[in-house]
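Shown next: upload-v6.cif, containing mmCIF, C-alpha atoms and all ligand atoms.
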data_model
loop_
_atom_site.label_atom_id
_atom_site.label_comp_id
_atom_site.auth_asym_id
_atom_site.auth_seq_id
_atom_site.Cartn_x
_atom_site.Cartn_y
_atom_site.Cartn_z
CA MET K 1 82.13 -86.76 41.14
CA HIS K 2 82.87 -84.19 43.88
CA GLU K 3 86.25 -82.57 44.49
CA ILE K 4 88.80 -84.46 46.53
CA THR K 5 91.72 -83.07 48.51
CA SER K 6 94.03 -86.00 48.93
CA LEU K 7 95.01 -89.36 47.59
CA SER K 8 96.67 -92.19 49.45
CA LEU K 9 98.53 -95.01 47.67
CA PHE K 10 99.23 -98.38 49.24
CA VAL K 11 102.82 -99.37 48.45
CA GLY K 12 105.14 -102.24 49.26
CA THR K 13 104.89 -105.86 50.23
CA GLY K 14 102.73 -105.49 53.33
CA THR K 15 105.51 -106.83 55.55
CA CYS K 16 105.61 -105.20 58.97
CA ASN K 17 108.17 -105.10 61.77
CA ALA K 18 105.46 -104.60 64.43
CA LYS K 19 102.75 -106.88 65.73
CA CYS K 20 99.97 -104.56 66.85
CA ALA K 21 96.97 -106.43 68.21
CA HIS K 22 94.61 -103.96 66.47
CA CYS K 23 96.22 -104.02 62.97
CA ALA K 24 93.73 -103.03 60.26
CA GLY K 25 96.29 -103.77 57.53
CA LEU K 26 96.28 -107.54 58.04
CA PRO K 27 93.27 -108.41 55.83
CA LEU K 28 94.72 -106.25 53.02
CA ARG K 29 98.14 -107.91 52.89
CA LYS K 30 96.97 -110.68 50.59
CA PHE K 31 96.78 -108.10 47.78
CA ALA K 32 100.32 -106.77 48.27
CA PRO K 33 103.07 -107.79 45.84
CA LYS K 34 105.55 -110.39 47.09
CA LYS K 35 108.65 -108.49 46.07
CA ASP K 36 109.88 -105.04 47.07
CA GLY K 37 109.99 -102.84 43.98
CA GLU K 38 106.92 -104.38 42.30
CA VAL K 39 104.36 -101.67 41.59
CA ASN K 40 101.41 -101.46 39.23
CA GLU K 41 102.86 -98.58 37.27
CA ALA K 42 100.00 -98.06 34.79
CA LEU K 43 97.33 -98.08 37.49
CA ILE K 44 99.25 -95.69 39.73
CA LEU K 45 99.89 -93.22 36.90
CA GLU K 46 96.25 -93.29 35.81
CA THR K 47 95.07 -92.79 39.39
CA LEU K 48 97.49 -89.93 39.99
CA ARG K 49 96.32 -88.16 36.81
CA ASN K 50 92.62 -88.66 37.55
CA CYS K 51 92.82 -87.66 41.20
CA TYR K 52 94.93 -84.61 40.40
CA GLY K 53 92.25 -83.62 37.90
CA MET K 54 89.65 -83.97 40.66
CA GLY K 55 91.56 -81.58 42.93
CA ALA K 56 93.93 -83.77 44.95
CA ARG K 57 97.13 -81.90 45.84
CA SER K 58 98.17 -83.91 48.86
CA LEU K 59 99.53 -87.41 48.34
CA SER K 60 100.29 -90.02 50.99
CA LEU K 61 102.19 -93.27 50.72
CA SER K 62 100.81 -95.86 53.06
CA SER K 63 100.72 -99.64 53.28
CA SER K 64 99.04 -102.68 54.69
CA GLY K 65 102.37 -103.14 56.48
CA GLU K 66 105.35 -100.85 57.03
CA PRO K 67 106.47 -98.87 53.93
CA THR K 68 110.09 -98.43 55.08
CA LEU K 69 110.50 -102.21 54.73
CA SER K 70 109.77 -101.80 51.00
CA PRO K 71 112.15 -98.96 50.13
CA ARG K 72 112.41 -99.89 46.44
CA SER K 73 108.66 -99.65 46.06
CA VAL K 74 108.58 -96.26 47.79
CA THR K 75 111.40 -95.02 45.54
CA ARG K 76 109.66 -96.26 42.40
CA VAL K 77 106.38 -94.62 43.30
CA LEU K 78 108.10 -91.31 44.08
CA LYS K 79 109.81 -91.49 40.67
CA LEU K 80 106.45 -92.14 39.00
CA VAL K 81 104.98 -89.06 40.70
CA ARG K 82 107.94 -86.99 39.57
CA SER K 83 107.56 -88.26 35.99
CA LEU K 84 104.23 -86.41 35.77
CA LYS K 85 105.82 -83.00 36.24
CA PRO K 86 106.12 -82.27 32.48
CA GLU K 87 102.30 -82.74 32.32
CA GLY K 88 101.91 -80.02 34.99
CA ILE K 89 100.95 -82.58 37.64
CA VAL K 90 102.76 -81.74 40.85
CA PHE K 91 101.81 -82.79 44.36
CA PRO K 92 103.30 -80.12 46.63
CA LYS K 93 102.75 -82.26 49.71
CA ILE K 94 103.84 -85.90 49.72
CA ASN K 95 103.69 -87.75 53.03
CA LEU K 96 105.03 -91.12 54.07
CA TYR K 97 103.37 -93.07 56.88
CA THR K 98 105.67 -95.09 59.12
CA ASN K 99 105.77 -96.67 62.54
CA GLY K 100 109.30 -95.25 62.92
CA ILE K 101 110.86 -98.59 63.88
CA ARG K 102 113.30 -98.89 60.97
CA ILE K 103 114.22 -95.21 61.12
CA GLY K 104 115.00 -95.58 64.82
CA THR K 105 117.06 -98.75 64.49
CA SER K 106 119.02 -98.24 61.27
CA ALA K 107 121.15 -95.17 60.66
CA ASP K 108 122.29 -96.87 57.43
CA PHE K 109 118.73 -97.04 56.17
CA CYS K 110 118.26 -93.34 56.94
CA ARG K 111 121.46 -92.38 55.13
CA ARG K 112 120.58 -94.50 52.11
CA TYR K 113 116.91 -93.69 51.63
CA LEU K 114 115.70 -90.63 53.51
CA ARG K 115 117.88 -88.17 51.59
CA LEU K 116 117.05 -89.90 48.30
CA TRP K 117 113.31 -89.63 49.01
CA LYS K 118 113.75 -85.96 49.88
CA THR K 119 115.28 -85.32 46.45
CA LEU K 120 112.37 -87.21 44.86
CA GLY K 121 109.77 -84.89 46.38
CA LEU K 122 108.76 -86.47 49.69
CA THR K 123 108.00 -83.60 52.08
CA THR K 124 106.69 -84.99 55.35
CA ILE K 125 107.07 -88.11 57.43
CA TYR K 126 104.10 -89.16 59.53
CA VAL K 127 105.25 -91.25 62.48
CA THR K 128 102.49 -93.20 64.15
CA ILE K 129 103.07 -93.51 67.90
CA HIS K 130 101.18 -94.52 71.00
CA HIS K 131 103.15 -92.47 73.52
CA VAL K 132 106.47 -90.65 73.92
CA ASP K 133 107.73 -93.36 76.26
CA GLU K 134 109.64 -96.02 74.34
CA LYS K 135 108.60 -98.75 76.77
CA LEU K 136 104.93 -98.06 76.06
CA ASN K 137 105.54 -97.89 72.30
CA THR K 138 107.45 -101.17 72.58
CA ARG K 139 104.48 -102.77 74.31
CA VAL K 140 101.75 -101.61 71.93
CA PHE K 141 103.82 -102.31 68.80
CA GLY K 142 104.51 -105.79 70.21
CA ILE K 143 108.25 -105.63 69.52
CA ARG K 144 111.48 -106.19 71.43
CA LYS K 145 112.53 -102.54 71.67
CA TYR K 146 111.20 -99.28 70.24
CA ALA K 147 113.92 -96.65 69.78
CA PRO K 148 113.78 -93.41 71.77
CA LEU K 149 111.43 -91.10 69.92
CA ASN K 150 113.87 -88.19 69.95
CA VAL K 151 116.32 -90.32 67.91
CA ILE K 152 113.63 -91.04 65.30
CA VAL K 153 112.55 -87.40 65.12
CA SER K 154 116.11 -86.08 64.86
CA ARG K 155 117.00 -88.52 62.05
CA ILE K 156 113.94 -87.42 60.08
CA LYS K 157 114.63 -83.73 60.66
CA ARG K 158 118.29 -84.14 59.74
CA ALA K 159 117.19 -85.47 56.34
CA GLY K 160 115.21 -82.24 55.83
CA PHE K 161 111.63 -83.43 56.38
CA SER K 162 108.77 -82.06 58.41
CA VAL K 163 107.59 -84.52 61.04
CA ARG K 164 104.02 -85.15 62.01
CA ALA K 165 103.38 -87.39 64.99
CA ASN K 166 100.19 -89.38 64.59
CA LEU K 167 99.28 -89.95 68.20
CA ILE K 168 96.86 -92.82 68.71
CA LEU K 169 94.54 -92.34 71.67
CA ASN K 170 94.17 -95.60 73.56
CA LYS K 171 92.97 -95.50 77.15
CA GLU K 172 95.42 -98.25 78.08
CA VAL K 173 98.31 -95.84 77.50
CA ILE K 174 96.77 -92.33 77.36
CA GLY K 175 93.73 -92.25 79.58
CA THR K 176 93.70 -88.67 80.85
CA PHE K 177 93.95 -85.10 79.67
CA ASN K 178 97.01 -84.51 81.89
CA GLU K 179 98.86 -87.36 80.22
CA PHE K 180 97.82 -86.10 76.78
CA ARG K 181 99.05 -82.59 77.57
CA ARG K 182 102.38 -83.89 78.90
CA ILE K 183 102.87 -85.89 75.68
CA LEU K 184 102.11 -82.90 73.45
CA ASP K 185 104.65 -80.80 75.35
CA ARG K 186 107.31 -83.49 74.97
CA LEU K 187 106.62 -83.91 71.24
CA LYS K 188 106.95 -80.18 70.65
CA ASP K 189 110.17 -80.06 72.69
CA MET K 190 111.58 -82.80 70.46
CA GLY K 191 110.93 -80.68 67.36
CA VAL K 192 107.83 -82.41 66.00
CA ASP K 193 106.20 -79.93 63.61
CA PHE K 194 102.63 -81.17 63.72
CA ILE K 195 100.59 -83.58 65.80
CA ALA K 196 97.42 -85.35 64.75
CA ALA K 197 95.57 -87.25 67.45
CA TRP K 198 92.78 -89.74 66.86
CA SER K 199 91.34 -92.75 68.58
CA LEU K 200 92.57 -96.29 68.15
CA ARG K 201 90.49 -98.14 65.56
CA ASP K 202 89.78 -101.84 65.47
CA LYS K 203 89.97 -104.25 62.53
CA ASN K 204 86.49 -103.14 61.42
CA ASP K 205 87.56 -99.48 61.46
CA ASN K 206 85.51 -98.62 64.55
CA PRO K 207 86.92 -96.57 67.46
CA THR K 208 88.02 -98.73 70.37
CA LYS K 209 89.62 -98.32 73.83
CA LEU K 210 88.60 -94.65 73.92
CA PRO K 211 89.68 -92.54 76.90
CA PRO K 212 86.69 -91.40 79.04
CA ALA K 213 84.41 -88.86 77.30
CA LYS K 214 85.18 -86.12 79.86
CA GLU K 215 88.93 -86.49 79.29
CA LEU K 216 88.46 -86.48 75.51
CA SER K 217 86.38 -83.34 75.74
CA THR K 218 89.09 -81.54 77.77
CA MET K 219 91.74 -82.68 75.28
CA ARG K 220 89.64 -81.32 72.40
CA GLN K 221 89.16 -77.95 74.11
CA TRP K 222 92.84 -77.68 74.97
CA VAL K 223 94.03 -78.01 71.35
CA LYS K 224 91.16 -76.14 69.70
CA TYR K 225 93.25 -73.08 68.83
CA ASP K 226 96.64 -74.76 68.59
CA PRO K 227 97.80 -74.52 64.95
CA GLN K 228 100.24 -77.41 65.45
CA VAL K 229 97.64 -79.91 66.60
CA ARG K 230 94.69 -81.57 64.88
CA PHE K 231 92.30 -83.50 67.06
CA LEU K 232 90.35 -85.85 64.80
CA GLU K 233 87.06 -87.22 65.96
CA GLU K 234 84.44 -89.49 64.46
CA ILE K 235 82.81 -86.58 62.63
CA ASP K 236 86.16 -85.75 60.96
CA HIS K 237 86.57 -89.39 60.01
CA VAL K 238 83.18 -89.33 58.28
CA LYS K 239 83.90 -85.97 56.60
CA ALA K 240 87.15 -87.38 55.26
CA TYR K 241 85.13 -90.01 53.42
CA ASN K 242 84.04 -87.22 51.08
CA SER K 243 87.44 -85.78 50.32
CA LYS K 244 90.05 -88.53 50.48
CA LEU K 245 90.63 -91.51 48.25
CA THR K 246 92.88 -94.51 48.73
CA LEU K 247 94.20 -96.82 46.02
CA PHE K 248 94.50 -100.35 47.42
CA GLN K 249 96.73 -102.96 45.86
CA ASP K 250 93.83 -105.01 44.50
CA GLY K 251 93.05 -101.99 42.28
CA THR K 252 90.14 -100.68 44.37
CA LEU K 253 89.92 -96.90 44.70
CA SER K 254 87.98 -96.30 47.88
CA ASN K 255 86.93 -93.53 50.25
CA THR K 256 86.68 -95.82 53.27
CA TRP K 257 90.27 -95.72 54.47
CA CYS K 258 91.09 -92.41 56.08
CA ASN K 259 94.75 -91.69 56.14
S1 LIG Z 1 102.60 -100.86 62.67
FE1 LIG Z 1 100.73 -100.59 61.45
S2 LIG Z 1 100.85 -102.14 59.83
FE2 LIG Z 1 102.34 -102.73 61.42
S3 LIG Z 1 101.24 -104.17 62.75
FE3 LIG Z 1 101.02 -102.09 63.65
S4 LIG Z 1 99.08 -101.31 62.79
FE4 LIG Z 1 99.71 -103.06 61.51
#
Please lay out the structure from this file as structure tokens.
Ligand code: SF4
Amino acid sequence: MHEITSLSLFVGTGTCNAKCAHCAGLPLRKFAPKKDGEVNEALILETLRNCYGMGARSLSLSSSGEPTLSPRSVTRVLKLVRSLKPEGIVFPKINLYTNGIRIGTSADFCRRYLRLWKTLGLTTIYVTIHHVDEKLNTRVFGIRKYAPLNVIVSRIKRAGFSVRANLILNKEVIGTFNEFRRILDRLKDMGVDFIAAWSLRDKNDNPTKLPPAKELSTMRQWVKYDPQVRFLEEIDHVKAYNSKLTLFQDGTLSNTWCN
């Protein structure tokens, strides 16, 4: 088998506090455990060891729902990763995917878990967003109210993490290069460390609602030499199939889910 660079683990119950019309996690929720804190310890340890041996040094915690709603599971998995240190297995980069909703609405949650996860080795929080405007995030996430993004970013930074904004390109909210550029400037002003932008994907993992090709091309050119921004296109998605693996909760280890 060829070398891989990163491993993603699905964790938690699959519950989500958003109702995105495009959610690709929905069909996978039937495999998620019913209770927060339930994890397949033996399978996760075996996968971590094998993938580390194949070259993986970056680890992501993801979910078919929202991982911050399963904080016990996240904590348990981070402890499992840490338990491998005496074997020389250390993932220097551990990322947590989130929609940011719980971080933005519960200071208690942040106090209780973010600092704990920092001590357990989590390094970066990836916040998936559709815009910097909370009204637009509220609309696409299908919720009552999305918190101001600067509150979410500052809570994450205060806990000592790097923040990457995963900006989803959807022509219904970001249709032009000018809008894209304005959003990048705002994210950087807020203190976001990195930005990764890619197109919205449908339930079958195909790009959908793409901004016009000319606008996408200008966006791509604009960020080409910006070390803070990654602009991921279809070709990068396909390339990732060769270097990233994801462990789903039915036990499948697959290269078809590109976190
Ligand atoms: S936030 Fe993610 S998991 Fe939750 S509904 Fe939206 S796409 Fe699905």
- [ ] Do a neighbour search on His131 (chain K) at 12 Å with all atoms listed in the file, toss out local chain neighbours closer than 2 positions, and write the hits as a PyMOL selection string.
- [x] chain K and resi 127-129+133-141+146+148-149+165-175+179-187+197
So for region 228-232 of chain K, what box centre and size do we get, axis-aligned, 8 Å extra on each of the six sides, every listed atom, Å to one decimal, as lines of an AutoDock Vina configuration file?
center_x = 95.3
center_y = -81.6
center_z = 65.9
size_x = 25.9
size_y = 24.4
size_z = 18.3
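For the atom pair formed by CA of Ile89 (chain K) and CA of Leu43 (chain K), the distance is 15.9 Å, given to one decimal.
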Open item on the list: So that I can check the surroundings of Cys51 (chain K), please list as a list in words every protein, DNA and RNA residue that reaches within 10 Å of it, counting all atoms listed in the file and ignoring chain neighbours fewer than 3 positions away.
Closed with: Glu3, Ile4, Thr5, Ser6, Leu7, Leu45, Glu46, Thr47, Leu48, Met54, Gly55, Ala56, Arg57, Leu59, Lys244 and Leu245 of chain K
TODO: Give the residues close to ligand LIG 1 (chain Z), within 9 Å, counting all atoms listed in the file; write them as JSON, numbers by chain.
DONE: {"K": [14, 15, 16, 17, 18, 19, 20, 21, 22, 23, 24, 25, 26, 63, 64, 65, 66, 67, 98, 99, 100, 101, 128, 140, 141, 142]}
Task: Atomic distance CA of Leu9 (chain K) - CA of Met190 (chain K), expressed in Å with one decimal - done: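 So the answer is 29.0 Å.
Taking CA of Ser62 (chain K) as the reference point, CA of Val74 (chain K) is found at 9.4 Å.
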Could you make a table, as a Markdown table, of the residues of region 135-162 of chain K that have an atom within 8 Å of an atom of region 105-117 of chain K, each with its nearest atom pair and distance in Å to one decimal, counting all atoms listed in the file, in chain and number order?
| residue | atom | partner | partner_atom | distance |
| --- | --- | --- | --- | --- |
| K:Ala147 | CA | K:Thr105 | CA | 6.5 |
| K:Arg155 | CA | K:Cys110 | CA | 7.1 |
| K:Ile156 | CA | K:Leu114 | CA | 7.5 |
| K:Ala159 | CA | K:Arg115 | CA | 5.5 |
| K:Gly160 | CA | K:Arg115 | CA | 7.8 |
TODO: Would you mind listing what lies within 12 Å of Thr75 (chain K) as a PyMOL selection string, with all atoms listed in the file counted and same-chain residues fewer than 2 positions away left out?
DONE: chain K and resi 11-12+36-39+61+67-73+77-82+96+112-122
Open item on the list: When you count only C-alpha atoms, which of these residues is closest to Met219 (chain K): K:Phe10, K:Trp198, K:Tyr97, K:Gln249?
Closed with: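 Result for the nearest residue to Met219 (chain K): K:Trp198.
Near Thr246 (chain K), within 7 Å and counting only C-alpha atoms, sit Leu7, Ser8, Leu9, Leu253, Ser254, Asn255 and Trp257 of chain K, not including residues fewer than 4 positions from it in the same chain.
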Supply region 91-114 of chain K as an mmCIF file, keeping the file's coordinate frame, with N, CA and C atoms built in where the input has gaps.
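Output (rebuild_37.cif):
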data_model
loop_
_atom_site.group_PDB
_atom_site.id
_atom_site.type_symbol
_atom_site.label_atom_id
_atom_site.label_comp_id
_atom_site.auth_asym_id
_atom_site.auth_seq_id
_atom_site.Cartn_x
_atom_site.Cartn_y
_atom_site.Cartn_z
ATOM 1 N N PHE K 91 102.398 -82.722 43.017
ATOM 2 C CA PHE K 91 101.810 -82.790 44.360
ATOM 3 C C PHE K 91 102.758 -82.071 45.316
ATOM 4 N N PRO K 92 102.365 -80.866 45.788
ATOM 5 C CA PRO K 92 103.300 -80.120 46.630
ATOM 6 C C PRO K 92 103.525 -80.755 48.000
ATOM 7 N N LYS K 93 102.612 -81.628 48.394
ATOM 8 C CA LYS K 93 102.750 -82.260 49.710
ATOM 9 C C LYS K 93 102.706 -83.783 49.518
ATOM 10 N N ILE K 94 103.802 -84.432 49.807
ATOM 11 C CA ILE K 94 103.840 -85.900 49.720
ATOM 12 C C ILE K 94 104.294 -86.451 51.071
ATOM 13 N N ASN K 95 103.453 -87.258 51.661
ATOM 14 C CA ASN K 95 103.690 -87.750 53.030
ATOM 15 C C ASN K 95 103.941 -89.258 53.013
ATOM 16 N N LEU K 96 104.795 -89.689 53.914
ATOM 17 C CA LEU K 96 105.030 -91.120 54.070
ATOM 18 C C LEU K 96 104.632 -91.537 55.488
ATOM 19 N N TYR K 97 103.752 -92.524 55.571
ATOM 20 C CA TYR K 97 103.370 -93.070 56.880
ATOM 21 C C TYR K 97 104.400 -94.102 57.326
ATOM 22 N N THR K 98 104.753 -94.081 58.592
ATOM 23 C CA THR K 98 105.670 -95.090 59.120
ATOM 24 C C THR K 98 105.426 -95.283 60.614
ATOM 25 N N ASN K 99 105.809 -96.464 61.095
ATOM 26 C CA ASN K 99 105.770 -96.670 62.540
ATOM 27 C C ASN K 99 107.085 -96.220 63.192
ATOM 28 N N GLY K 100 108.052 -95.804 62.390
ATOM 29 C CA GLY K 100 109.300 -95.250 62.920
ATOM 30 C C GLY K 100 110.329 -96.292 63.345
ATOM 31 N N ILE K 101 109.959 -97.571 63.316
ATOM 32 C CA ILE K 101 110.860 -98.590 63.880
ATOM 33 C C ILE K 101 112.171 -98.673 63.084
ATOM 34 N N ARG K 102 112.065 -98.756 61.765
ATOM 35 C CA ARG K 102 113.300 -98.890 60.970
ATOM 36 C C ARG K 102 114.133 -97.615 61.044
ATOM 37 N N ILE K 103 113.481 -96.479 61.041
ATOM 38 C CA ILE K 103 114.220 -95.210 61.120
ATOM 39 C C ILE K 103 114.981 -95.143 62.437
ATOM 40 N N GLY K 104 114.365 -95.634 63.502
ATOM 41 C CA GLY K 104 115.000 -95.580 64.820
ATOM 42 C C GLY K 104 116.112 -96.590 64.996
ATOM 43 N N THR K 105 116.066 -97.693 64.241
ATOM 44 C CA THR K 105 117.060 -98.750 64.490
ATOM 45 C C THR K 105 118.171 -98.784 63.440
ATOM 46 N N SER K 106 117.992 -98.138 62.312
ATOM 47 C CA SER K 106 119.020 -98.240 61.270
ATOM 48 C C SER K 106 119.443 -96.878 60.712
ATOM 49 N N ALA K 107 120.601 -96.424 61.195
ATOM 50 C CA ALA K 107 121.150 -95.170 60.660
ATOM 51 C C ALA K 107 121.518 -95.359 59.195
ATOM 52 N N ASP K 108 121.933 -96.578 58.828
ATOM 53 C CA ASP K 108 122.290 -96.870 57.430
ATOM 54 C C ASP K 108 121.094 -96.670 56.505
ATOM 55 N N PHE K 109 119.953 -97.207 56.961
ATOM 56 C CA PHE K 109 118.730 -97.040 56.170
ATOM 57 C C PHE K 109 118.445 -95.544 55.965
ATOM 58 N N CYS K 110 118.559 -94.782 57.037
ATOM 59 C CA CYS K 110 118.260 -93.340 56.940
ATOM 60 C C CYS K 110 119.189 -92.657 55.959
ATOM 61 N N ARG K 111 120.487 -93.003 56.055
ATOM 62 C CA ARG K 111 121.460 -92.380 55.130
ATOM 63 C C ARG K 111 121.146 -92.757 53.685
ATOM 64 N N ARG K 112 120.766 -94.005 53.481
ATOM 65 C CA ARG K 112 120.580 -94.500 52.110
ATOM 66 C C ARG K 112 119.277 -94.003 51.478
ATOM 67 N N TYR K 113 118.201 -93.974 52.262
ATOM 68 C CA TYR K 113 116.910 -93.690 51.630
ATOM 69 C C TYR K 113 116.284 -92.335 51.957
ATOM 70 N N LEU K 114 116.441 -91.849 53.186
ATOM 71 C CA LEU K 114 115.700 -90.630 53.510
ATOM 72 C C LEU K 114 116.118 -89.455 52.627
#
